[in-house]
file target_22.txt (compact mmCIF, C-alpha atoms and all ligand atoms)
# COMPACT_ATOMS: atom_id res chain seq x y z
CA MET A 1 69.31 6.81 23.13
CA LYS A 2 66.31 4.76 22.12
CA PHE A 3 67.00 1.49 20.31
CA ASP A 4 64.96 -0.17 17.60
CA TRP A 5 66.68 -3.51 18.14
CA LEU A 6 68.20 -5.34 21.06
CA ILE A 7 70.76 -7.98 20.08
CA ILE A 8 72.04 -10.48 22.63
CA GLY A 9 75.54 -11.70 21.80
CA ALA A 10 78.33 -10.04 19.80
CA GLY A 11 79.54 -13.07 17.82
CA PHE A 12 79.21 -13.46 14.06
CA SER A 13 75.41 -13.76 14.22
CA GLY A 14 74.91 -10.66 16.38
CA CYS A 15 77.49 -8.47 14.61
CA VAL A 16 76.35 -9.28 11.04
CA LEU A 17 72.73 -8.57 11.95
CA ALA A 18 73.64 -5.34 13.79
CA GLU A 19 75.66 -4.18 10.77
CA GLN A 20 72.83 -4.94 8.34
CA ILE A 21 70.13 -3.25 10.46
CA ALA A 22 72.28 -0.16 11.07
CA ASN A 23 73.53 0.26 7.50
CA ARG A 24 70.65 -0.95 5.40
CA MET A 25 67.68 0.14 7.52
CA ASN A 26 69.30 3.05 9.34
CA GLN A 27 67.87 1.79 12.64
CA LYS A 28 69.48 1.85 16.07
CA VAL A 29 70.86 -1.27 17.70
CA LEU A 30 72.08 -2.11 21.19
CA ILE A 31 74.23 -5.24 21.47
CA ILE A 32 74.49 -6.82 24.91
CA GLU A 33 77.47 -9.16 25.33
CA LYS A 34 78.42 -10.98 28.50
CA ARG A 35 82.10 -11.37 27.68
CA ASP A 36 84.54 -8.46 27.83
CA HIS A 37 85.01 -8.50 24.06
CA ILE A 38 83.15 -8.74 20.77
CA GLY A 39 83.63 -11.53 18.19
CA GLY A 40 82.18 -14.48 20.11
CA ASN A 41 84.23 -17.63 19.73
CA ALA A 42 86.09 -16.22 16.73
CA TYR A 43 87.76 -13.59 18.94
CA ASP A 44 91.55 -13.23 18.67
CA CYS A 45 94.08 -11.12 20.57
CA TYR A 46 97.83 -10.67 21.01
CA ASP A 47 99.34 -12.72 23.83
CA PRO A 48 101.93 -11.11 26.16
CA HIS A 49 104.66 -12.17 23.66
CA GLY A 50 103.09 -10.32 20.74
CA ILE A 51 101.67 -13.40 19.01
CA LEU A 52 98.14 -13.26 17.65
CA VAL A 53 96.19 -16.20 19.10
CA HIS A 54 92.58 -17.33 18.73
CA GLN A 55 91.41 -17.41 22.33
CA TYR A 56 88.69 -20.04 21.75
CA GLY A 57 90.61 -22.38 19.44
CA PRO A 58 91.88 -22.07 15.86
CA HIS A 59 89.44 -20.37 13.48
CA LEU A 60 90.16 -20.87 9.79
CA PHE A 61 87.84 -19.12 7.42
CA HIS A 62 86.83 -21.10 4.34
CA THR A 63 83.84 -20.86 2.03
CA ASN A 64 82.55 -21.56 -1.44
CA SER A 65 80.11 -18.69 -1.09
CA LYS A 66 81.18 -15.68 -3.13
CA LYS A 67 78.45 -13.67 -1.41
CA VAL A 68 79.77 -14.38 2.10
CA TRP A 69 83.40 -13.82 1.10
CA HIS A 70 82.64 -10.47 -0.53
CA TYR A 71 80.42 -9.45 2.35
CA LEU A 72 83.26 -9.95 4.87
CA THR A 73 85.83 -8.44 2.53
CA GLN A 74 84.13 -5.08 3.16
CA PHE A 75 85.52 -5.23 6.69
CA THR A 76 88.91 -6.89 6.29
CA ASP A 77 91.78 -7.75 3.98
CA TRP A 78 92.80 -11.38 4.07
CA THR A 79 95.94 -13.39 4.64
CA CYS A 80 95.50 -16.12 2.03
CA TYR A 81 96.23 -18.98 4.40
CA GLN A 82 95.31 -22.56 3.44
CA HIS A 83 95.07 -24.94 6.39
CA HIS A 84 97.15 -28.13 6.64
CA VAL A 85 96.60 -30.69 9.41
CA LEU A 86 98.75 -33.67 10.34
CA ALA A 87 97.79 -36.55 12.62
CA VAL A 88 100.23 -38.67 14.59
CA ILE A 89 99.44 -42.30 13.71
CA ASP A 90 101.71 -45.14 14.79
CA GLY A 91 104.43 -42.59 15.51
CA LYS A 92 104.29 -41.08 12.00
CA THR A 93 102.71 -37.78 10.98
CA VAL A 94 100.26 -38.12 8.11
CA PRO A 95 97.94 -35.62 6.43
CA VAL A 96 94.27 -35.50 7.42
CA PRO A 97 91.71 -35.83 5.91
CA PHE A 98 93.32 -39.21 5.14
CA ASN A 99 94.49 -39.18 1.51
CA LEU A 100 96.78 -41.00 -0.90
CA ASN A 101 99.85 -39.33 0.62
CA ALA A 102 98.83 -40.64 4.06
CA LEU A 103 98.44 -44.11 2.54
CA ARG A 104 102.00 -43.94 1.21
CA SER A 105 103.43 -42.67 4.50
CA LEU A 106 101.94 -45.50 6.55
CA PHE A 107 102.14 -48.59 4.37
CA PRO A 108 104.72 -50.45 2.25
CA ILE A 109 104.94 -49.06 -1.26
CA LYS A 110 103.56 -52.11 -3.12
CA TYR A 111 100.49 -52.27 -0.89
CA ALA A 112 99.98 -48.48 -1.19
CA ASP A 113 100.26 -48.68 -5.00
CA ARG A 114 97.70 -51.48 -5.17
CA LEU A 115 95.22 -49.75 -2.87
CA GLU A 116 95.66 -46.44 -4.68
CA GLU A 117 94.81 -48.15 -7.97
CA LYS A 118 91.75 -49.84 -6.49
CA LEU A 119 90.46 -46.66 -4.83
CA THR A 120 91.00 -44.54 -7.94
CA LYS A 121 89.34 -47.13 -10.16
CA GLN A 122 86.31 -47.50 -7.92
CA TYR A 123 85.71 -43.84 -6.98
CA GLY A 124 87.80 -41.68 -9.31
CA PHE A 125 90.77 -39.44 -8.51
CA GLY A 126 89.82 -36.36 -6.48
CA LYS A 127 86.67 -37.88 -4.94
CA LYS A 128 85.88 -37.75 -1.22
CA VAL A 129 84.49 -41.04 0.04
CA PRO A 130 82.72 -41.23 3.42
CA ILE A 131 84.57 -43.66 5.71
CA LEU A 132 81.36 -45.60 6.47
CA GLU A 133 80.82 -46.20 2.75
CA LEU A 134 84.37 -47.53 2.37
CA MET A 135 83.87 -49.87 5.32
CA ASP A 136 80.97 -51.44 3.42
CA VAL A 137 82.77 -52.29 0.16
CA ALA A 138 83.06 -55.90 -1.07
CA ASP A 139 86.82 -55.77 -1.72
CA GLU A 140 88.55 -57.22 1.36
CA GLU A 141 91.71 -55.08 1.09
CA MET A 142 89.81 -51.80 0.76
CA LYS A 143 87.60 -52.80 3.65
CA GLU A 144 90.65 -53.59 5.78
CA LEU A 145 92.16 -50.21 4.94
CA ALA A 146 88.89 -48.46 5.87
CA GLU A 147 88.84 -50.31 9.19
CA TYR A 148 92.46 -49.34 9.86
CA ILE A 149 91.68 -45.66 9.18
CA TYR A 150 88.51 -45.80 11.27
CA LYS A 151 90.36 -47.36 14.22
CA ASN A 152 93.54 -45.29 14.06
CA VAL A 153 92.46 -41.90 12.74
CA PHE A 154 88.82 -41.41 13.80
CA TYR A 155 87.91 -43.63 16.71
CA GLY A 156 90.29 -42.27 19.37
CA TYR A 157 89.80 -38.66 18.27
CA THR A 158 86.01 -39.03 18.40
CA VAL A 159 86.09 -40.60 21.88
CA LYS A 160 88.28 -37.76 23.18
CA GLN A 161 86.34 -35.04 21.37
CA TRP A 162 82.82 -36.14 22.31
CA GLY A 163 83.41 -38.27 25.42
CA MET A 164 81.52 -41.08 23.69
CA LYS A 165 82.04 -43.74 21.06
CA PRO A 166 81.17 -42.97 17.42
CA ASP A 167 78.14 -45.30 17.51
CA GLU A 168 76.66 -43.29 20.41
CA LEU A 169 76.56 -40.17 18.21
CA ASP A 170 74.24 -39.53 15.27
CA ARG A 171 75.36 -41.63 12.33
CA SER A 172 75.59 -38.39 10.33
CA VAL A 173 78.74 -37.43 12.28
CA MET A 174 80.81 -40.36 10.98
CA ALA A 175 79.00 -40.35 7.64
CA ARG A 176 80.50 -36.92 6.95
CA VAL A 177 84.10 -38.02 7.66
CA PRO A 178 85.84 -38.46 4.28
CA ILE A 179 88.79 -40.29 2.79
CA HIS A 180 90.20 -38.06 0.06
CA ILE A 181 91.30 -39.94 -3.07
CA SER A 182 93.83 -37.24 -3.84
CA ARG A 183 97.30 -35.86 -3.17
CA ASP A 184 95.90 -32.51 -2.04
CA ASN A 185 97.09 -32.16 1.57
CA ARG A 186 94.94 -29.13 2.35
CA TYR A 187 92.32 -29.56 5.07
CA PHE A 188 89.73 -27.59 3.07
CA GLN A 189 89.26 -27.35 -0.67
CA ASP A 190 86.95 -24.32 -0.64
CA GLN A 191 87.43 -21.62 -3.23
CA TYR A 192 87.94 -18.85 -0.68
CA GLN A 193 90.19 -19.46 2.34
CA GLY A 194 92.09 -17.23 4.72
CA VAL A 195 92.24 -15.38 8.00
CA PRO A 196 91.57 -11.65 8.46
CA MET A 197 94.89 -9.89 7.88
CA LEU A 198 94.71 -7.77 11.04
CA GLY A 199 92.78 -10.42 12.98
CA TYR A 200 89.13 -11.25 13.61
CA LYS A 201 88.79 -8.61 16.33
CA SER A 202 89.73 -5.87 13.89
CA MET A 203 87.25 -7.25 11.32
CA PHE A 204 84.43 -7.24 13.92
CA ASN A 205 85.36 -3.70 15.02
CA ASN A 206 85.06 -2.49 11.43
CA MET A 207 81.76 -4.34 11.01
CA ILE A 208 80.02 -2.69 13.93
CA SER A 209 81.68 0.72 14.04
CA HIS A 210 78.57 2.65 13.06
CA PRO A 211 76.88 5.50 14.95
CA ASN A 212 73.67 3.45 15.07
CA ILE A 213 75.33 0.58 16.97
CA LYS A 214 76.18 0.63 20.66
CA VAL A 215 77.73 -2.31 22.53
CA LEU A 216 77.39 -3.11 26.21
CA LEU A 217 80.13 -5.57 27.23
CA LYS A 218 80.44 -7.63 30.43
CA THR A 219 76.65 -7.74 30.71
CA ASP A 220 74.78 -11.00 30.97
CA TYR A 221 71.32 -10.52 29.48
CA ASP A 222 69.86 -13.03 31.96
CA GLU A 223 70.85 -10.72 34.81
CA VAL A 224 69.58 -7.47 33.30
CA LYS A 225 66.63 -8.48 31.15
CA GLU A 226 64.04 -6.66 33.23
CA TYR A 227 65.85 -3.34 32.51
CA PHE A 228 66.05 -3.73 28.74
CA HIS A 229 63.02 -3.87 26.54
CA SER A 230 62.75 -3.53 22.83
CA THR A 231 59.95 -4.30 20.43
CA ASN A 232 62.47 -6.17 18.30
CA MET A 233 65.03 -8.57 19.64
CA ILE A 234 67.64 -10.94 18.21
CA TYR A 235 68.86 -13.54 20.64
CA THR A 236 72.11 -15.44 19.85
CA GLY A 237 72.68 -16.95 23.32
CA PRO A 238 71.66 -20.47 24.42
CA ILE A 239 67.97 -21.06 23.73
CA ASP A 240 67.51 -23.22 26.86
CA ALA A 241 68.81 -20.37 29.06
CA PHE A 242 66.33 -17.96 27.41
CA PHE A 243 63.49 -20.18 28.65
CA ASP A 244 65.09 -20.71 32.09
CA TYR A 245 65.86 -24.35 31.19
CA LYS A 246 62.18 -25.21 31.61
CA PHE A 247 62.48 -28.46 29.64
CA GLY A 248 66.01 -29.27 30.89
CA LYS A 249 69.53 -28.33 29.85
CA LEU A 250 70.78 -28.84 26.32
CA PRO A 251 74.06 -30.78 26.46
CA TYR A 252 77.25 -29.36 24.99
CA ARG A 253 80.86 -30.41 24.82
CA SER A 254 83.29 -27.91 26.30
CA LEU A 255 87.04 -27.39 25.77
CA ASN A 256 90.10 -26.50 27.80
CA PHE A 257 92.83 -24.52 26.08
CA THR A 258 96.36 -24.29 27.44
CA ALA A 259 98.63 -21.79 25.70
CA ARG A 260 102.40 -21.93 26.09
CA HIS A 261 105.01 -19.55 24.70
CA LEU A 262 108.34 -21.06 23.65
CA HIS A 263 110.97 -18.29 23.70
CA ASN A 264 113.79 -20.13 22.01
CA CYS A 265 111.78 -21.98 19.42
CA THR A 266 111.06 -20.47 16.01
CA SER A 267 109.02 -23.45 14.76
CA TYR A 268 107.43 -26.07 17.01
CA GLN A 269 105.71 -28.37 14.50
CA PRO A 270 105.68 -28.71 10.69
CA VAL A 271 102.15 -27.31 10.19
CA ALA A 272 99.73 -25.13 12.17
CA GLN A 273 97.70 -28.04 13.51
CA VAL A 274 98.76 -31.51 14.63
CA ASN A 275 96.10 -33.97 15.86
CA TYR A 276 96.75 -36.72 18.39
CA PRO A 277 93.94 -39.27 17.91
CA ASN A 278 95.51 -42.02 19.99
CA ASN A 279 98.01 -40.52 22.43
CA TYR A 280 97.67 -38.14 25.37
CA GLU A 281 94.46 -36.56 26.70
CA PHE A 282 94.54 -33.52 24.40
CA THR A 283 93.17 -33.74 20.87
CA ARG A 284 95.36 -31.27 19.01
CA ILE A 285 98.14 -28.68 19.21
CA THR A 286 97.88 -25.43 17.27
CA GLU A 287 100.86 -23.21 16.48
CA TYR A 288 99.37 -19.82 15.76
CA LYS A 289 102.05 -17.99 13.85
CA LYS A 290 101.82 -20.67 11.16
CA ILE A 291 98.24 -19.50 10.57
CA THR A 292 98.76 -15.77 10.66
CA GLY A 293 102.19 -15.76 9.03
CA GLN A 294 103.64 -13.57 11.79
CA ASN A 295 107.41 -13.36 11.49
CA VAL A 296 108.54 -13.04 15.12
CA PRO A 297 111.07 -14.81 17.33
CA GLY A 298 109.58 -17.46 19.63
CA THR A 299 106.29 -19.22 19.07
CA THR A 300 103.02 -19.82 20.93
CA ILE A 301 101.34 -23.22 20.92
CA MET A 302 97.95 -24.18 22.29
CA HIS A 303 96.91 -27.61 23.53
CA GLU A 304 93.20 -28.36 23.28
CA GLU A 305 91.40 -30.88 25.45
CA ALA A 306 87.67 -31.61 25.32
CA CYS A 307 85.67 -31.88 28.55
CA SER A 308 82.07 -31.97 29.74
CA TYR A 309 80.06 -28.76 29.96
CA THR A 310 78.39 -27.30 33.04
CA PRO A 311 76.32 -24.08 32.60
CA GLY A 312 77.85 -21.20 34.54
CA VAL A 313 81.18 -23.03 34.93
CA ASN A 314 82.66 -23.39 31.45
CA VAL A 315 81.82 -22.48 27.85
CA PRO A 316 79.30 -24.38 25.70
CA TYR A 317 81.25 -25.09 22.49
CA TYR A 318 79.79 -27.99 20.54
CA PRO A 319 76.12 -29.06 20.52
CA ILE A 320 76.21 -32.86 20.92
CA PRO A 321 74.68 -34.46 17.82
CA ARG A 322 72.29 -37.04 19.28
CA LYS A 323 68.62 -37.56 18.54
CA GLU A 324 67.41 -36.93 22.11
CA ASN A 325 69.27 -33.59 22.18
CA ASN A 326 67.68 -32.51 18.91
CA ASP A 327 64.28 -33.51 20.28
CA LEU A 328 64.88 -31.37 23.36
CA TYR A 329 65.95 -28.47 21.15
CA THR A 330 62.74 -28.87 19.11
CA LYS A 331 60.70 -28.35 22.29
CA TYR A 332 62.46 -25.01 22.87
CA LYS A 333 62.01 -24.08 19.22
CA MET A 334 58.26 -24.68 19.54
CA GLU A 335 58.25 -22.52 22.67
CA ALA A 336 60.01 -19.76 20.73
CA LYS A 337 57.25 -19.85 18.10
CA LYS A 338 54.64 -19.17 20.80
CA LEU A 339 56.31 -15.94 21.99
CA LYS A 340 54.17 -12.85 21.57
CA GLU A 341 57.23 -10.56 21.37
CA ASN A 342 59.24 -10.34 18.16
CA VAL A 343 62.33 -12.42 19.08
CA LEU A 344 64.51 -13.99 16.40
CA PHE A 345 66.75 -16.87 17.51
CA VAL A 346 69.90 -16.96 15.39
CA GLY A 347 73.28 -18.72 15.62
CA ARG A 348 74.87 -21.81 17.03
CA LEU A 349 73.63 -21.44 20.63
CA ALA A 350 70.16 -20.19 19.79
CA GLU A 351 69.61 -22.88 17.13
CA TYR A 352 71.62 -25.61 18.89
CA LYS A 353 73.53 -26.28 15.71
CA TYR A 354 77.20 -26.35 14.74
CA TYR A 355 77.73 -23.68 12.11
CA ASN A 356 81.01 -22.91 10.40
CA MET A 357 81.72 -19.19 10.27
CA ASP A 358 80.69 -18.86 6.62
CA GLN A 359 77.46 -20.74 7.33
CA VAL A 360 76.58 -18.51 10.26
CA VAL A 361 77.27 -15.37 8.20
CA ALA A 362 75.05 -16.76 5.40
CA ARG A 363 72.37 -17.60 7.98
CA ALA A 364 72.46 -14.08 9.49
CA LEU A 365 72.27 -12.45 6.04
CA HIS A 366 69.35 -14.73 5.16
CA VAL A 367 67.51 -13.81 8.39
CA PHE A 368 68.08 -10.14 7.66
CA GLU A 369 66.84 -10.35 4.09
CA ASN A 370 63.87 -12.63 4.73
CA GLU A 371 62.70 -11.95 8.26
CA ILE A 372 63.75 -8.37 8.98
CA ALA A 373 64.06 -6.24 5.83
CA LYS A 374 61.00 -7.71 4.11
CA GLN A 375 58.71 -7.10 7.07
CA LYS A 376 59.65 -3.48 7.66
P1 LIG B 1 79.18 -17.25 19.19
O1 LIG B 1 80.45 -16.95 18.50
O2 LIG B 1 79.22 -18.25 20.28
O3 LIG B 1 78.59 -15.89 19.77
C1 LIG B 1 77.53 -15.87 20.71
C2 LIG B 1 77.83 -14.75 21.70
O4 LIG B 1 76.70 -14.60 22.58
C3 LIG B 1 79.03 -15.04 22.59
O5 LIG B 1 79.96 -13.98 22.50
C4 LIG B 1 78.43 -15.15 23.99
O6 LIG B 1 79.29 -14.67 25.01
C5 LIG B 1 77.18 -14.29 23.87
N1 LIG B 1 76.14 -14.61 24.85
C6 LIG B 1 75.63 -15.85 25.12
N2 LIG B 1 74.71 -15.76 26.10
C7 LIG B 1 74.63 -14.45 26.45
C8 LIG B 1 73.89 -13.74 27.43
N3 LIG B 1 73.02 -14.34 28.25
N4 LIG B 1 74.06 -12.41 27.53
C9 LIG B 1 74.94 -11.76 26.72
N5 LIG B 1 75.69 -12.39 25.79
C10 LIG B 1 75.55 -13.71 25.66
N6 LIG B 1 84.21 -22.17 12.11
C11 LIG B 1 84.90 -22.10 10.93
O7 LIG B 1 84.34 -21.73 9.91
N7 LIG B 1 86.24 -22.43 10.89
C12 LIG B 1 86.92 -22.85 11.98
O8 LIG B 1 88.11 -23.13 11.90
C13 LIG B 1 86.20 -22.95 13.21
N8 LIG B 1 86.84 -23.37 14.31
C14 LIG B 1 86.15 -23.50 15.47
C15 LIG B 1 86.83 -23.96 16.59
C16 LIG B 1 86.16 -24.13 17.78
C17 LIG B 1 86.90 -24.65 18.97
C18 LIG B 1 84.77 -23.83 17.85
C19 LIG B 1 84.01 -24.04 19.13
C20 LIG B 1 84.09 -23.34 16.75
C21 LIG B 1 84.77 -23.17 15.54
N9 LIG B 1 84.14 -22.65 14.42
C22 LIG B 1 84.83 -22.58 13.23
C23 LIG B 1 82.72 -22.22 14.46
C24 LIG B 1 82.57 -20.72 14.83
O9 LIG B 1 83.12 -20.50 16.10
C25 LIG B 1 81.07 -20.38 14.80
O10 LIG B 1 80.59 -20.49 13.48
C26 LIG B 1 80.74 -18.96 15.26
O11 LIG B 1 81.41 -18.61 16.43
C27 LIG B 1 79.24 -18.85 15.50
O12 LIG B 1 78.90 -17.51 15.80
P2 LIG B 1 77.66 -17.19 16.73
O13 LIG B 1 77.50 -15.72 16.74
O14 LIG B 1 76.48 -17.99 16.32
O15 LIG B 1 78.07 -17.75 18.18
call {"tool": "encode", "arguments": {"input": "target_22.txt", "output": "structure tokens"}}
result
Amino acid sequence: MKFDWLIIGAGFSGCVLAEQIANRMNQKVLIIEKRDHIGGNAYDCYDPHGILVHQYGPHLFHTNSKKVWHYLTQFTDWTCYQHHVLAVIDGKTVPVPFNLNALRSLFPIKYADRLEEKLTKQYGFGKKVPILELMDVADEEMKELAEYIYKNVFYGYTVKQWGMKPDELDRSVMARVPIHISRDNRYFQDQYQGVPMLGYKSMFNNMISHPNIKVLLKTDYDEVKEYFHSTNMIYTGPIDAFFDYKFGKLPYRSLNFTARHLHNCTSYQPVAQVNYPNNYEFTRITEYKKITGQNVPGTTIMHEEACSYTPGVNVPYYPIPRKENNDLYTKYKMEAKKLKENVLFVGRLAEYKYYNMDQVVARALHVFENEIAKQK
């Protein structure tokens, strides 16, 4: 079989583009994937106890994009799950993002009432205020509250998650962290939220089950590239690896996941995700059946601990948002522009950028519409 397109990586980026090329252009695609499964980091599978777990950490789909939601709905029904997260602060569990309910759980009622009034008056009920903005206000009490939240909710979590203090990361990271002037305990407020009813794996299978698409698993492109040539290529792996790390390695944060099945426990924690900003080495515990709604005896929980990344040893999860890393990425991006072959670099590893799933689907659809379909 001759292929019109070679796609490296079977995550969201690779699968959406393969589906579009096969269905809308009727061209043939070969996907090369180094893992033994499709789906990239969104992959899920049943553990030995019959519980559906997300192998690379909890993946909650949420979007305000009708286009993305309807696109994916062609390949899956949804469980209409809305994510709730608690954080253990001073021995109490409070909702995050920090909101008015968290304020009431942690502080005496008179103080909470007063601060609620001040916050609502200054910003309006329902608003999300970046923590850094709140730390800059003139009112001493509001400032003190912001400093308390920064120290107890964000600081420890950030140090564990990134292995560095917040001020060593791009200011944009903390600037995005909100306080929610609201009683809405949901983690996301997007219009469309859920998880694929039969799992992500099933959704990806439906997406790429087309006679024009073939998938080669357990094959690292770097090891076989001399055998595979195509006039058109989409690369969704790490951009520095594509160029043999000629300018140096792009830094990532990696993660360790430890799953444990509890036979005699029907419910381990009140919500699917509990964060531990200040205690223990791990950052969070996820209880999967609270996401999928599976009604089974026993439960499976997963501890997540961040760690440094070494190519070839563990998985690159999060690009580290620092100026020097973005500068290094820009060098590779410039190199990509000089390539004579038609190679499109798409996705979180190829663009060294954290994308949510909806953003990466939107990005892949955009690339198809603007850089593939238009040119053919
Ligand atoms: P990937 O999913 O990483 O796919 C790239 C694929 O390329 C991988 O399968 C990889 O094995 C393969 N590959 C790489 N190099 C090679 C090579 N040399 N040869 C062959 N194959 C190769 N988003 C949300 O919207 N909600 C969430 O709740 C959420 N939770 C997350 C939790 C964690 C812990 C992480 C890390 C991310 C989370 N995300 C979440 C983001 C989501 O995972 C990404 O948006 C999505 O996976 C990006 O898809 P991708 O195709 O760009 O990359």
call {"tool": "closest_residue", "arguments": {"input": "target_22.txt", "among": "A:Met174, A:Ile213, A:Cys45, A:Leu344", "to": "Gly199 in chain A", "atoms": "all atoms listed in the file"}}
result
A:Cys45
call {"tool": "closest_residue", "arguments": {"input": "target_22.txt", "among": "A:Gln375, A:Asn64, A:Gln189, A:Thr93", "to": "Gln273 in chain A", "atoms": "all atoms listed in the file"}}
result
A:Thr93
call {"tool": "atom_distance", "arguments": {"input": "target_22.txt", "atom1": "CA of His83 in chain A", "atom2": "atom C13 of ligand LIG 1 (chain B)"}}
result
11.4 Å
call {"tool": "residues_near_ligand", "arguments": {"input": "target_22.txt", "ligand": "ligand LIG 1 (chain B)", "cutoff": "6 Å", "atoms": "only C-alpha atoms and all ligand atoms", "output": "ChimeraX atom specification"}}
result
/A:8-14,32-35,40-42,56-61,219-222,236-238,317-318,347-348,355-358,360
call {"tool": "residues_near_point", "arguments": {"input": "target_22.txt", "point": "(64.5, -4.8, 22.2)", "cutoff": "6 Å", "atoms": "all atoms listed in the file", "output": "PyMOL selection string"}}
result
chain A and resi 5-6+229-233
call {"tool": "closest_residue", "arguments": {"input": "target_22.txt", "among": "A:Tyr276, A:Tyr192, A:Tyr309, A:Tyr227", "to": "Asp90 in chain A", "atoms": "only C-alpha atoms"}}
result
A:Tyr276
call {"tool": "atom_distance", "arguments": {"input": "target_22.txt", "atom1": "CA of Leu198 in chain A", "atom2": "CA of Val53 in chain A"}}
result
11.8 Å
call {"tool": "closest_atom_pairs", "arguments": {"input": "target_22.txt", "of": "range 78-113 of chain A", "to": "range 286-289 of chain A", "cutoff": "12 Å", "atoms": "all atoms listed in the file", "output": "JSON lines"}}
result
{"residue": "A:Thr79", "atom": "CA", "partner": "A:Lys289", "partner_atom": "CA", "distance": 12.0}
{"residue": "A:Tyr81", "atom": "CA", "partner": "A:Lys289", "partner_atom": "CA", "distance": 11.1}
{"residue": "A:His83", "atom": "CA", "partner": "A:Thr286", "partner_atom": "CA", "distance": 11.2}
{"residue": "A:His84", "atom": "CA", "partner": "A:Thr286", "partner_atom": "CA", "distance": 11.0}
{"residue": "A:Val85", "atom": "CA", "partner": "A:Thr286", "partner_atom": "CA", "distance": 9.5}
{"residue": "A:Leu86", "atom": "CA", "partner": "A:Thr286", "partner_atom": "CA", "distance": 10.8}
call {"tool": "residues_around", "arguments": {"input": "target_22.txt", "residues": "Pro321 in chain A", "least_positions_apart": "5", "cutoff": "10 Å", "atoms": "all atoms listed in the file", "output": "CSV table (one decimal) with C-alpha atoms, in the frame of the given file"}}
result
chain,number,residue,atom,x,y,z
A,162,TRP,CA,82.8,-36.1,22.3
A,168,GLU,CA,76.7,-43.3,20.4
A,169,LEU,CA,76.6,-40.2,18.2
A,170,ASP,CA,74.2,-39.5,15.3
A,171,ARG,CA,75.4,-41.6,12.3
A,172,SER,CA,75.6,-38.4,10.3
A,173,VAL,CA,78.7,-37.4,12.3
A,251,PRO,CA,74.1,-30.8,26.5
A,252,TYR,CA,77.2,-29.4,25.0
A,326,ASN,CA,67.7,-32.5,18.9
A,352,TYR,CA,71.6,-25.6,18.9
A,353,LYS,CA,73.5,-26.3,15.7
A,354,TYR,CA,77.2,-26.4,14.7
call {"tool": "atom_distance", "arguments": {"input": "target_22.txt", "atom1": "CA of Tyr332 in chain A", "atom2": "CA of Lys165 in chain A"}}
result
27.2 Å
call {"tool": "closest_residue", "arguments": {"input": "target_22.txt", "among": "A:Pro130, A:Leu100, A:Lys218, A:Pro48", "to": "Lys118 in chain A", "atoms": "all atoms listed in the file"}}
result
A:Leu100
call {"tool": "closest_residue", "arguments": {"input": "target_22.txt", "among": "A:Thr258, A:Gln193, A:Asn152, A:Ser182", "to": "Tyr123 in chain A", "atoms": "only C-alpha atoms"}}
result
A:Ser182
call {"tool": "closest_residue", "arguments": {"input": "target_22.txt", "among": "A:Lys128, A:Tyr111, A:Glu305, A:Lys333", "to": "Glu144 in chain A", "atoms": "all atoms listed in the file"}}
result
A:Tyr111
call {"tool": "residues_near_point", "arguments": {"input": "target_22.txt", "point": "(94.8, -37.0, 5.0)", "cutoff": "9 Å", "atoms": "all atoms listed in the file", "output": "number ranges by chain"}}
result
A: 85-87, 94-103, 179-180, 182-187
call {"tool": "build_atoms", "arguments": {"input": "target_22.txt", "residues": "range 365-374 of chain A", "atoms": "N, CA and C atoms", "output": "short mmCIF file (atom, residue, chain, number, x, y, z; two decimals), keeping the file's coordinate frame"}}
result
data_model
loop_
_atom_site.label_atom_id
_atom_site.label_comp_id
_atom_site.auth_asym_id
_atom_site.auth_seq_id
_atom_site.Cartn_x
_atom_site.Cartn_y
_atom_site.Cartn_z
N LEU A 365 72.68 -13.27 7.20
CA LEU A 365 72.27 -12.45 6.04
C LEU A 365 70.89 -12.89 5.55
N HIS A 366 70.65 -14.19 5.59
CA HIS A 366 69.35 -14.73 5.16
C HIS A 366 68.24 -14.22 6.11
N VAL A 367 68.50 -14.28 7.41
CA VAL A 367 67.51 -13.81 8.39
C VAL A 367 67.23 -12.33 8.15
N PHE A 368 68.31 -11.57 7.90
CA PHE A 368 68.08 -10.14 7.66
C PHE A 368 67.18 -9.93 6.44
N GLU A 369 67.57 -10.60 5.35
CA GLU A 369 66.84 -10.35 4.09
C GLU A 369 65.39 -10.84 4.15
N ASN A 370 65.19 -11.99 4.79
CA ASN A 370 63.87 -12.63 4.73
C ASN A 370 62.97 -12.37 5.92
N GLU A 371 63.56 -12.10 7.09
CA GLU A 371 62.70 -11.95 8.26
C GLU A 371 62.75 -10.55 8.86
N ILE A 372 63.67 -9.72 8.40
CA ILE A 372 63.75 -8.37 8.98
C ILE A 372 63.43 -7.33 7.91
N ALA A 373 64.23 -7.29 6.85
CA ALA A 373 64.06 -6.24 5.83
C ALA A 373 62.70 -6.33 5.15
N LYS A 374 62.26 -7.55 4.84
CA LYS A 374 61.00 -7.71 4.11
C LYS A 374 59.80 -7.24 4.91
#
